[in-house]
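**Q** Contents of data27.txt (compact mmCIF, C-alpha atoms and all ligand atoms):
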```txt
# COMPACT_ATOMS: atom_id res chain seq x y z
CA MET A 6 41.09 33.36 -7.72
CA LYS A 7 37.52 34.50 -7.88
CA ASN A 8 36.74 31.79 -10.44
CA ASP A 9 38.30 29.12 -8.20
CA GLU A 10 36.09 30.20 -5.31
CA ASN A 11 33.02 30.00 -7.52
CA THR A 12 34.03 26.56 -8.71
CA ARG A 13 34.41 25.39 -5.13
CA LYS A 14 30.99 26.78 -4.26
CA LYS A 15 29.44 24.74 -7.05
CA GLU A 16 30.93 21.46 -5.87
CA LEU A 17 28.20 18.81 -5.72
CA VAL A 18 27.54 17.79 -2.13
CA CYS A 19 24.30 15.88 -2.60
CA GLY A 20 23.03 14.33 -5.80
CA ASN A 21 20.53 11.74 -6.88
CA PRO A 22 21.09 8.21 -5.64
CA ARG A 23 23.30 6.25 -8.03
CA ILE A 24 20.58 3.71 -8.73
CA TRP A 25 18.22 6.38 -10.10
CA LYS A 26 18.19 6.57 -13.86
CA ASP A 27 20.04 9.49 -15.35
CA PRO A 28 18.02 11.56 -16.00
CA PRO A 29 15.46 10.14 -13.56
CA GLY A 30 12.04 9.42 -15.04
CA ALA A 31 9.37 11.92 -14.14
CA MET A 32 7.89 10.94 -10.79
CA MET A 33 4.33 12.18 -10.87
CA TYR A 34 3.85 13.04 -7.24
CA CYS A 35 1.73 15.76 -5.66
CA SER A 36 3.52 18.58 -3.84
CA GLY A 37 4.34 17.48 -0.32
CA CYS A 38 3.89 13.76 -1.02
CA GLN A 39 6.43 11.85 1.04
CA HIS A 40 6.57 8.75 -1.13
CA PRO A 41 9.66 10.05 -2.99
CA VAL A 42 11.37 10.61 0.35
CA ILE A 43 10.86 6.95 1.24
CA HIS A 44 12.04 5.94 -2.24
CA ARG A 45 15.20 7.89 -1.54
CA ILE A 46 15.79 6.09 1.76
CA ILE A 47 15.45 2.71 0.08
CA SER A 48 17.84 3.83 -2.67
CA GLU A 49 20.42 5.01 -0.13
CA VAL A 50 20.16 1.75 1.81
CA LEU A 51 20.58 -0.43 -1.29
CA GLU A 52 23.67 1.59 -2.23
CA GLU A 53 25.21 1.75 1.24
CA MET A 54 24.71 -2.00 1.78
CA ASP A 55 25.99 -2.60 -1.76
CA ILE A 56 23.11 -4.92 -2.60
CA TYR A 57 21.50 -3.02 -5.48
CA GLU A 58 22.84 -5.34 -8.20
CA GLU A 59 21.10 -8.35 -6.69
CA ALA A 60 17.99 -6.40 -5.64
CA ILE A 61 14.62 -7.12 -7.23
CA CYS A 62 11.74 -4.85 -6.24
CA ILE A 63 8.20 -6.14 -6.56
CA LEU A 64 5.73 -3.28 -6.79
CA GLY A 65 2.11 -3.29 -5.76
CA VAL A 66 -0.51 -0.99 -7.27
CA GLY A 67 -0.63 2.60 -6.02
CA CYS A 68 1.26 5.88 -6.09
CA HIS A 69 4.39 4.18 -4.70
CA ALA A 70 4.73 2.27 -7.98
CA PHE A 71 5.74 5.43 -9.90
CA ILE A 72 9.29 4.73 -8.67
CA GLN A 73 9.58 2.19 -11.46
CA VAL A 74 10.34 4.96 -13.96
CA SER A 75 13.32 6.19 -11.96
CA TRP A 76 15.00 3.12 -10.49
CA SER A 77 17.60 1.31 -12.53
CA ILE A 78 17.31 -1.86 -10.42
CA ASP A 79 15.15 -4.80 -11.52
CA THR A 80 11.47 -4.25 -10.79
CA LEU A 81 8.24 -6.10 -11.43
CA SER A 82 4.74 -4.65 -11.41
CA CYS A 83 2.07 -6.99 -10.11
CA ALA A 84 -1.66 -7.38 -10.08
CA HIS A 85 -3.23 -5.49 -7.17
CA GLY A 86 -2.40 -7.15 -3.86
CA ARG A 87 -0.26 -9.91 -5.36
CA ALA A 88 3.22 -8.45 -4.79
CA LEU A 89 4.07 -10.85 -1.97
CA ASP A 90 2.98 -13.90 -3.97
CA SER A 91 5.21 -12.83 -6.87
CA ALA A 92 8.06 -11.99 -4.48
CA THR A 93 7.78 -15.46 -2.95
CA ALA A 94 8.15 -17.14 -6.33
CA ILE A 95 11.05 -14.90 -7.38
CA LYS A 96 12.96 -15.45 -4.12
CA ARG A 97 12.47 -19.20 -4.22
CA LEU A 98 13.74 -19.31 -7.80
CA ASN A 99 16.61 -16.87 -7.04
CA PRO A 100 17.58 -17.50 -3.42
CA ASP A 101 20.63 -15.19 -3.65
CA ALA A 102 18.59 -12.20 -4.84
CA ILE A 103 17.51 -9.49 -2.42
CA VAL A 104 13.76 -9.53 -3.01
CA PHE A 105 11.54 -6.86 -1.54
CA THR A 106 8.05 -5.53 -2.06
CA VAL A 107 7.11 -1.86 -2.03
CA GLN A 108 3.39 -1.56 -1.30
CA GLY A 109 0.82 0.90 -0.08
CA ASP A 110 -1.38 0.22 2.94
CA GLY A 111 -4.38 -0.56 0.72
CA ASP A 112 -2.41 -2.89 -1.55
CA CYS A 113 -0.80 -4.76 1.37
CA LEU A 114 -3.61 -4.82 3.95
CA ALA A 115 -6.86 -4.88 1.97
CA ILE A 116 -6.74 -6.59 -1.42
CA GLY A 117 -3.35 -8.09 -0.54
CA ALA A 118 -4.25 -9.25 2.97
CA GLY A 119 -4.21 -12.94 2.02
CA ALA A 120 -0.80 -12.69 0.37
CA PHE A 121 0.53 -10.73 3.37
CA ILE A 122 -0.68 -13.31 5.90
CA GLY A 123 0.60 -16.14 3.71
CA ALA A 124 4.12 -14.70 3.38
CA MET A 125 4.37 -14.19 7.14
CA THR A 126 2.93 -17.61 7.94
CA ARG A 127 5.52 -19.24 5.71
CA GLY A 128 8.31 -17.00 6.97
CA GLU A 129 9.38 -16.14 3.43
CA ARG A 130 12.88 -14.70 3.27
CA ILE A 131 11.72 -11.46 1.71
CA THR A 132 11.20 -7.87 2.87
CA THR A 133 8.22 -5.54 2.63
CA ILE A 134 8.33 -1.76 2.88
CA MET A 135 4.76 -0.56 3.27
CA TYR A 136 3.89 3.11 2.81
CA ASN A 137 1.02 4.11 5.10
CA ASN A 138 -0.80 7.33 4.14
CA THR A 139 -4.11 6.32 5.79
CA ASN A 140 -6.13 6.32 2.56
CA TYR A 141 -6.29 5.09 -1.03
CA GLY A 142 -4.37 8.02 -2.52
CA THR A 143 -4.18 6.99 -6.17
CA THR A 144 -7.89 6.47 -6.63
CA GLY A 145 -9.04 9.66 -4.92
CA GLY A 146 -8.84 9.21 -1.16
CA GLN A 147 -11.15 6.37 -0.15
CA LEU A 148 -11.16 4.61 3.23
CA ALA A 149 -8.21 2.27 3.69
CA PRO A 150 -7.55 -0.30 6.44
CA THR A 151 -5.29 2.30 8.11
CA THR A 152 -7.75 5.24 8.06
CA LEU A 153 -8.00 6.77 11.53
CA ILE A 154 -11.23 6.83 13.52
CA GLY A 155 -13.04 10.05 12.59
CA GLN A 156 -10.92 10.64 9.46
CA LYS A 157 -12.98 11.92 6.54
CA THR A 158 -12.45 10.16 3.23
CA THR A 159 -14.48 10.10 0.03
CA THR A 160 -16.21 6.90 1.20
CA THR A 161 -16.57 8.06 4.82
CA PRO A 162 -17.55 11.71 4.38
CA LEU A 163 -18.66 11.95 8.01
CA GLY A 164 -15.48 10.37 9.29
CA ARG A 165 -14.57 6.73 9.95
CA ASN A 166 -17.10 5.27 12.32
CA PRO A 167 -15.82 2.10 14.04
CA LYS A 168 -19.38 0.76 14.35
CA LEU A 169 -19.69 0.79 10.58
CA GLU A 170 -16.16 0.64 9.17
CA GLY A 171 -14.21 -0.99 11.97
CA TYR A 172 -10.85 0.02 13.39
CA PRO A 173 -7.49 0.92 11.84
CA VAL A 174 -5.09 -1.96 11.23
CA ARG A 175 -1.70 -1.64 12.91
CA ALA A 176 0.32 -3.57 10.39
CA ALA A 177 3.71 -3.53 12.12
CA GLU A 178 2.19 -4.98 15.31
CA LEU A 179 0.24 -7.55 13.27
CA ALA A 180 3.38 -8.63 11.42
CA ALA A 181 5.32 -8.95 14.67
CA ASP A 182 2.83 -11.55 15.94
CA PHE A 183 3.81 -14.09 13.28
CA GLU A 184 6.58 -16.55 14.07
CA GLY A 185 7.75 -16.35 10.47
CA THR A 186 8.37 -12.61 10.87
CA VAL A 187 11.84 -11.91 12.21
CA TYR A 188 11.75 -8.11 12.05
CA SER A 189 8.95 -5.56 12.20
CA ALA A 190 9.16 -1.79 12.67
CA ARG A 191 7.29 1.42 11.99
CA GLY A 192 9.02 4.63 10.93
CA SER A 193 8.19 8.06 9.58
CA VAL A 194 9.89 10.74 7.49
CA ASN A 195 8.27 13.80 9.09
CA SER A 196 11.59 15.04 10.54
CA PRO A 197 15.30 14.57 9.84
CA ALA A 198 15.64 12.48 13.02
CA ASN A 199 12.80 10.20 11.96
CA TYR A 200 14.26 9.97 8.44
CA LYS A 201 17.47 8.55 9.95
CA ARG A 202 15.51 6.20 12.19
CA ALA A 203 13.41 4.88 9.29
CA LYS A 204 16.59 4.33 7.30
CA LYS A 205 18.07 2.30 10.15
CA TYR A 206 14.91 0.16 10.25
CA ILE A 207 15.01 -0.52 6.51
CA LYS A 208 18.70 -1.45 6.72
CA LYS A 209 17.98 -3.91 9.52
CA ALA A 210 15.11 -5.44 7.56
CA PHE A 211 17.38 -6.09 4.58
CA GLN A 212 20.07 -7.50 6.86
CA LYS A 213 17.59 -10.06 8.24
CA GLN A 214 16.93 -11.19 4.68
CA ILE A 215 20.65 -11.37 3.90
CA ASP A 216 21.08 -13.51 7.02
CA GLY A 217 18.31 -15.82 5.74
CA LEU A 218 16.26 -15.54 8.92
CA GLY A 219 12.70 -15.00 7.67
CA TYR A 220 10.23 -12.31 6.72
CA SER A 221 11.01 -8.66 7.51
CA PHE A 222 8.57 -5.75 7.45
CA VAL A 223 8.86 -1.97 7.75
CA GLU A 224 5.85 0.35 7.72
CA VAL A 225 6.61 4.01 6.98
CA LEU A 226 4.07 6.82 7.53
CA SER A 227 3.67 9.08 4.50
CA ALA A 228 1.84 12.38 3.92
CA CYS A 229 -0.90 12.69 1.27
CA PRO A 230 -1.72 16.44 1.09
CA PRO A 231 -4.52 16.45 -1.53
CA ASN A 232 -6.50 13.66 0.06
CA TRP A 233 -5.95 14.92 3.58
CA HIS A 234 -7.00 18.40 2.36
CA LEU A 235 -4.01 19.91 4.11
CA SER A 236 -0.95 21.87 3.04
CA PRO A 237 2.35 19.95 3.04
CA VAL A 238 3.37 21.79 6.24
CA ASP A 239 0.10 20.94 7.98
CA CYS A 240 0.52 17.31 6.90
CA ILE A 241 3.79 17.18 8.84
CA LYS A 242 1.92 18.51 11.90
CA ARG A 243 -0.85 15.98 11.44
CA ILE A 244 1.64 13.12 11.34
CA GLU A 245 3.22 14.33 14.57
CA GLU A 246 0.04 15.18 16.44
CA GLU A 247 -2.55 12.68 15.18
CA ILE A 248 -0.98 9.81 13.32
CA ILE A 249 2.09 8.91 15.38
CA PRO A 250 0.01 8.64 18.59
CA GLU A 251 -2.17 6.05 16.78
CA PHE A 252 0.73 4.40 14.94
CA PRO A 253 3.71 4.66 17.31
CA LEU A 254 7.20 4.63 15.85
CA SER A 255 9.36 1.77 17.07
CA GLU A 256 11.00 -1.53 16.37
CA ILE A 257 8.30 -3.95 17.43
CA LYS A 258 10.24 -7.12 16.72
CA GLY A 259 13.90 -7.75 16.04
S1 LIG B 1 -2.35 11.10 -4.12
FE1 LIG B 1 -1.24 11.11 -2.14
S2 LIG B 1 0.13 9.32 -2.23
FE2 LIG B 1 -0.55 9.76 -4.33
S3 LIG B 1 1.05 11.10 -5.20
FE3 LIG B 1 -0.55 12.44 -4.34
S4 LIG B 1 0.15 12.87 -2.25
FE4 LIG B 1 1.30 11.09 -2.96
```
What's the structure tokens form of this structure?
Ligand code: SF4
**A**
Amino acid sequence: MKNDENTRKKELVCGNPRIWKDPPGAMMYCSGCQHPVIHRIISEVLEEMDIYEEAICILGVGCHAFIQVSWSIDTLSCAHGRALDSATAIKRLNPDAIVFTVQGDGDCLAIGAGAFIGAMTRGERITTIMYNNTNYGTTGGQLAPTTLIGQKTTTTPLGRNPKLEGYPVRAAELAADFEGTVYSARGSVNSPANYKRAKKYIKKAFQKQIDGLGYSFVEVLSACPPNWHLSPVDCIKRIEEEIIPEFPLSEIKG
């Protein structure tokens, strides 16, 4: 009897997503990084919508790209900033595939700005999930297009000064302005409620692609403890108190 009870207690109630390799490759993330949380949402959505077999993920350059070692879906690594150009070609050659890019804010909005604008202008039937951690995390915490006014980075040690470095780019609002964009939203994973909301946004973005309507975009805020010089817990507070007021969470289009 006692053994039966123990067996019941050990019943698996939550495991790795099915599309993660078994065993998953080592994801080399810092403690408190939220990129793996966003990876998990995407994995859950691909499974729940049953589209993982036809999914092709085009990865930019940045910490987000470490997911390649753990996902068993088709992936392609691109030159910096060129994910949306590659995704365009792959979707046009494989119109039935679910083609999406996973990019950081630097990859999508700085070096990849031309490809981003081009994909939206053309209304490509692809999806982007952009992780916004307000800096270039992989290369040591430099200023990114999304860095907040006053935020200290390695290239703005006194804080971002709009007179010198300009203003943060609000990508989800920018994307919503393009006629070729049919869905644009910004989410966060700083709380269970926001996790669910971000998941709903990503599902909707994929659905727009399945329906063949045009380009869909979801920005997700993500903590970067070492480059923010904060503990993981304080990063959650910073997202709530400083970042969400600058980058409000909502469905902007769709
Ligand atoms: S540098 Fe930032 S984005 Fe990169 S793994 Fe570490 S916490 Fe995550």
**Q** Considering all atoms listed in the file, state which residue in the set A:Thr126, A:Asn137, A:Thr161, A:Asn199 is at the smallest distance from ligand LIG 1 (chain B).
**A**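 Nearest candidate to ligand LIG 1 (chain B) out of A:Thr126, A:Asn137, A:Thr161, A:Asn199: A:Asn137.
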**Q** Select, from A:Arg87, A:Lys242, A:Lys213, A:Arg165, the residue with the minimum atom-to-atom distance to A:Val66, counting only C-alpha atoms.
**A**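 Between A:Arg87, A:Lys242, A:Lys213, A:Arg165, the residue approaching A:Val66 most closely is A:Arg87.
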**Q** Between A:Ala124, A:Cys113, A:Cys68, A:Ala60, which one has atoms that come closest to A:Gly86, using only C-alpha atoms?
**A**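 Of A:Ala124, A:Cys113, A:Cys68, A:Ala60, the one nearest A:Gly86, counting only C-alpha atoms, is A:Cys113.
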**Q** Here's a test: counting only C-alpha atoms, identify every protein, DNA and RNA residue with an atom at most 8 Å from (3.4, -12.0, -4.5) in the file's coordinate frame, and state them as a PyMOL selection string.
**A** chain A and resi 63+83+86-94+120
**Q** Dump the neighbourhood of ligand LIG 1 (chain B) as number ranges by chain: all residues within 10 Å, distances computed on only C-alpha atoms and all ligand atoms.
**A** A: 32-41, 67-71, 109, 136-146, 227-233, 237
**Q** Would you mind reading off the distance between atom CA of A:Gly123 and atom CA of A:Phe183, one decimal, in Å?
**A**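 Those two atoms sit 10.3 Å apart.
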**Q** When you draw a straight line from atom CA of A:Thr133 to atom CA of A:Thr158, how long is it in Å?
**A**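 It comes out at 26.0 Å.
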**Q** Hey, can you check how far atom CA of A:Val238 sits from atom CA of A:Ile207?
**A**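 Taking atom CA of A:Val238 as the start and atom CA of A:Ile207 as the end point, the length is 25.2 Å.
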**Q** Between A:Glu245, A:Glu52, A:Asp239, A:Glu184, which residue has the minimum interatomic distance to A:Gly259, considering only C-alpha atoms?
**A**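 With only C-alpha atoms as the atom set, the closest residue is A:Glu184.
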**Q** Counting all atoms listed in the file, which residue out of A:Ser48, A:Ser75, A:Thr80, A:Ser255 sits closest to A:Glu224?
**A** A:Ser255
**Q** Please determine, counting only C-alpha atoms, which residue among A:Ile43, A:Leu163, A:Ile154, A:Ala210 has the shortest atom-to-atom distance to A:Val225.
**A**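 Looking only at the distances to A:Val225, the closest residue turns out to be A:Ile43.
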**Q** Just save stretch 25-37 of chain A with all heavy atoms, as a short mmCIF file (atom, residue, chain, number, x, y, z; two decimals), in the first residue's frame.
**A**
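Dumped to part13.cif:
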```cif
data_model
loop_
_atom_site.label_atom_id
_atom_site.label_comp_id
_atom_site.auth_asym_id
_atom_site.auth_seq_id
_atom_site.Cartn_x
_atom_site.Cartn_y
_atom_site.Cartn_z
N TRP A 25 11.12 18.87 -27.61
CA TRP A 25 12.50 19.04 -27.16
C TRP A 25 13.19 17.70 -27.31
O TRP A 25 12.60 16.65 -27.06
CB TRP A 25 12.54 19.49 -25.68
CG TRP A 25 12.16 20.93 -25.52
CD1 TRP A 25 11.51 21.71 -26.43
CD2 TRP A 25 12.40 21.75 -24.38
NE1 TRP A 25 11.33 22.97 -25.92
CE2 TRP A 25 11.86 23.03 -24.68
CE3 TRP A 25 13.01 21.55 -23.15
CZ2 TRP A 25 11.92 24.10 -23.79
CZ3 TRP A 25 13.06 22.60 -22.26
CH2 TRP A 25 12.53 23.87 -22.57
N LYS A 26 14.44 17.74 -27.70
CA LYS A 26 15.20 16.51 -27.86
C LYS A 26 15.28 15.80 -26.52
O LYS A 26 15.23 16.45 -25.46
CB LYS A 26 16.60 16.82 -28.37
CG LYS A 26 16.61 17.23 -29.82
CD LYS A 26 17.99 17.64 -30.28
CE LYS A 26 17.93 18.19 -31.68
NZ LYS A 26 19.06 19.05 -32.01
N ASP A 27 15.42 14.50 -26.57
CA ASP A 27 15.51 13.73 -25.34
C ASP A 27 16.84 12.99 -25.31
O ASP A 27 17.04 12.07 -26.10
CB ASP A 27 14.33 12.75 -25.28
CG ASP A 27 14.28 12.04 -23.94
OD1 ASP A 27 14.88 12.56 -22.99
OD2 ASP A 27 13.65 10.97 -23.88
N PRO A 28 17.80 13.34 -24.45
CA PRO A 28 17.73 14.45 -23.51
C PRO A 28 17.90 15.78 -24.24
O PRO A 28 18.56 15.82 -25.29
CB PRO A 28 18.91 14.20 -22.57
CG PRO A 28 19.89 13.45 -23.42
CD PRO A 28 19.08 12.64 -24.40
N PRO A 29 17.34 16.87 -23.69
CA PRO A 29 17.51 18.16 -24.36
C PRO A 29 18.99 18.56 -24.39
O PRO A 29 19.73 18.22 -23.47
CB PRO A 29 16.73 19.14 -23.47
CG PRO A 29 16.01 18.32 -22.46
CD PRO A 29 16.63 16.96 -22.43
N GLY A 30 19.40 19.24 -25.43
CA GLY A 30 20.77 19.75 -25.47
C GLY A 30 20.95 20.77 -24.35
O GLY A 30 19.98 21.33 -23.86
N ALA A 31 22.18 20.99 -23.97
CA ALA A 31 22.43 21.92 -22.87
C ALA A 31 22.16 23.34 -23.33
O ALA A 31 22.79 23.82 -24.27
CB ALA A 31 23.88 21.79 -22.41
N MET A 32 21.17 23.99 -22.72
CA MET A 32 20.91 25.39 -23.06
C MET A 32 21.77 26.25 -22.14
O MET A 32 21.63 26.19 -20.92
CB MET A 32 19.43 25.71 -22.89
CG MET A 32 18.61 25.16 -24.03
SD MET A 32 17.01 25.95 -24.14
CE MET A 32 15.99 24.78 -23.30
N MET A 33 22.63 27.03 -22.74
CA MET A 33 23.64 27.74 -21.94
C MET A 33 23.14 29.11 -21.54
O MET A 33 23.61 30.12 -22.04
CB MET A 33 24.93 27.83 -22.74
CG MET A 33 25.48 26.45 -23.05
SD MET A 33 26.73 26.46 -24.33
CE MET A 33 25.74 26.66 -25.80
N TYR A 34 22.16 29.13 -20.67
CA TYR A 34 21.58 30.40 -20.26
C TYR A 34 22.00 30.78 -18.85
O TYR A 34 22.21 29.93 -17.99
CB TYR A 34 20.05 30.33 -20.35
CG TYR A 34 19.58 30.30 -21.78
CD1 TYR A 34 19.19 29.11 -22.38
CD2 TYR A 34 19.58 31.46 -22.55
CE1 TYR A 34 18.81 29.09 -23.72
CE2 TYR A 34 19.19 31.44 -23.88
CZ TYR A 34 18.81 30.25 -24.45
OH TYR A 34 18.44 30.23 -25.78
N CYS A 35 22.09 32.09 -18.61
CA CYS A 35 22.41 32.59 -17.27
C CYS A 35 21.23 32.33 -16.34
O CYS A 35 20.08 32.27 -16.80
CB CYS A 35 22.67 34.09 -17.32
SG CYS A 35 23.80 34.61 -18.62
N SER A 36 21.50 32.25 -15.04
CA SER A 36 20.41 32.09 -14.08
C SER A 36 19.46 33.26 -14.21
O SER A 36 19.89 34.41 -14.24
CB SER A 36 20.96 32.07 -12.66
OG SER A 36 21.88 31.04 -12.53
N GLY A 37 18.17 32.95 -14.26
CA GLY A 37 17.17 34.02 -14.31
C GLY A 37 16.89 34.53 -15.71
O GLY A 37 16.00 35.37 -15.89
#
```
